[in-house]
Each structure stands twice: as structure tokens, then as C-alpha cells.
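Have a look at the structure below before the remarks.
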Amino acid sequence: NDRKHFYVCKEDDLADNEMVRIDPPDQPPVVVYRVGGNFFATDNTCTHGEASLAEGEVDDDFIIECPFHGGTFDIRTGEAVDFPCVLPLKSYPVTVEGGCVYVNLDEGKAPA
Ligand code: FES
């Protein structure tokens, strides 16, 4: 399971507005979301506190709400949207091949 092509789950394992946390070796956890039939990935740990975003709520507008204080991020870019989240998350490219979902852990980037 290499870092550029890190296996997450089967495409069918996630319904829309669901997400799954992954714990790759040697880096903080990442969360993979499915919204509108497309897949996105960001860091899993909120930049405000130590919350796991995989325990929050993701909606049709590509917004993840943190379970601790209700701050939000855009899952497409990692950008912080609502207070108290100010610092962005990194986001990662996701590909679907042969019904399997992969994330590229080497290409994580935060919005400028
Ligand atoms: Fe996420 Fe505070 S820990 S909003």
C-alpha cells in the first residue's frame, strides 16, 4: 500500500455524505469523504482543537462541521470556513479505480 496510491476502501463502502478515517503510518490521520458521488480527502484532525473530523457531519455543500465547537471547513480545498476554525486543513487527491478508492498522501496541500 504505497503512499501515492494508498488504499482507502471500496467505492460502495461509502454512501453520499459519509466519510471514513484512515490512519496511515508515519503521518496524522486523514478522512475521506463521499459527497455527490465524488470523493475528497483532508487531514482528520481539526486545526482548532484535537477533534476527529470523521465524527462530525458533512453536507451536500462540501462542508464538514467539527464535532467539538461547530467550526467548519470546505472538504474540496481544506479551507477554514466558519469560526472558530481559522487555519486550513491539508487536502489530498483521491482517485477511484476499478471500484476502489485511493488517496495520494504525498500530494497533500493547504490552500495558500
Ligand atoms: Fe474543531 Fe474546536 S476542535 S472547532
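Just remember, in the C-alpha cells the first chain shown is A, the second B, etc., residues are 1-based per chain, and ligands are 1-based in the order shown.
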If you count only C-alpha atoms and all ligand atoms, which residues end up within 6 Å of ligand 1, as a ChimeraX atom specification?
-> /A:46,48-51,66,68-71,84-85
Extract, using only C-alpha atoms, all DNA, RNA and protein residues at most 12 Å from A:Glu97, discarding same-chain residues fewer than 5 positions from it, and format them as a list in words.
-> His5, Phe6, Tyr7, Val8, Cys9, Lys10, Glu11, Phe39, Tyr102 and Val103 of chain A
Spatial neighbours of stretch 55-64 of chain A, 6 Å, only C-alpha atoms, chain gap at least 6 places, as a PyMOL selection string | chain A and resi 17+72-75
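Minimum atom-to-atom distance to A:Val101, evaluated using only C-alpha atoms, belongs to A:Arg34 out of A:Leu87, A:Ser52, A:Arg34, A:Thr47.
Remark: for A:Asp13, the closest of the candidate residues A:Gly36, A:Ala41, A:Val81, A:Gly99 is A:Gly99 (distances computed over only C-alpha atoms).
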For A:Asp16, which residue out of A:Thr77, A:Asn104, A:Asn38, A:Thr45 is the nearest one, using only C-alpha atoms?
->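 Selected residue with least distance to A:Asp16: A:Asn38.
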Expressed in Å to a single decimal, how great is the separation between atom CA of A:Thr95 and atom CA of A:Val30?
->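 Interatomic distance, atom CA of A:Thr95 to atom CA of A:Val30: 14.9 Å.
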Quick one: residues within 12 Å of A:Asp26, only C-alpha atoms counted, chain neighbours fewer than 2 positions away excluded, as a ChimeraX atom specification?
-> /A:3,23-24,28-30,105-106
Who sits within 7 Å of A:Ala110, only C-alpha atoms, same chain under 2 positions skipped, as a PyMOL selection string = chain A and resi 78+88-91+112
Selected residue, from A:Gly37, A:Arg21, A:Asp43, A:Glu65, that lies nearest to A:Gly108 when counting only C-alpha atoms |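 Of A:Gly37, A:Arg21, A:Asp43, A:Glu65, the one nearest A:Gly108 is A:Asp43, counting only C-alpha atoms.
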Separation of atom CA of A:Val94 from atom CA of A:Lys109 in Å |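 Here the two named atoms are 12.8 Å from each other.
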Work out how far atom CA of A:Ile22 is from atom CA of A:Phe40, in Å to one decimal.
->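 Distance reported for this atom pair: 12.9 Å.
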Write out as number ranges by chain all residues of stretch 8-84 of chain A that DSSP puts in strand (DSSP E) for this structure's backbone.
-> A: 8-10, 18-22, 30-35, 38-43, 57-58, 63-65, 72-74, 80-82
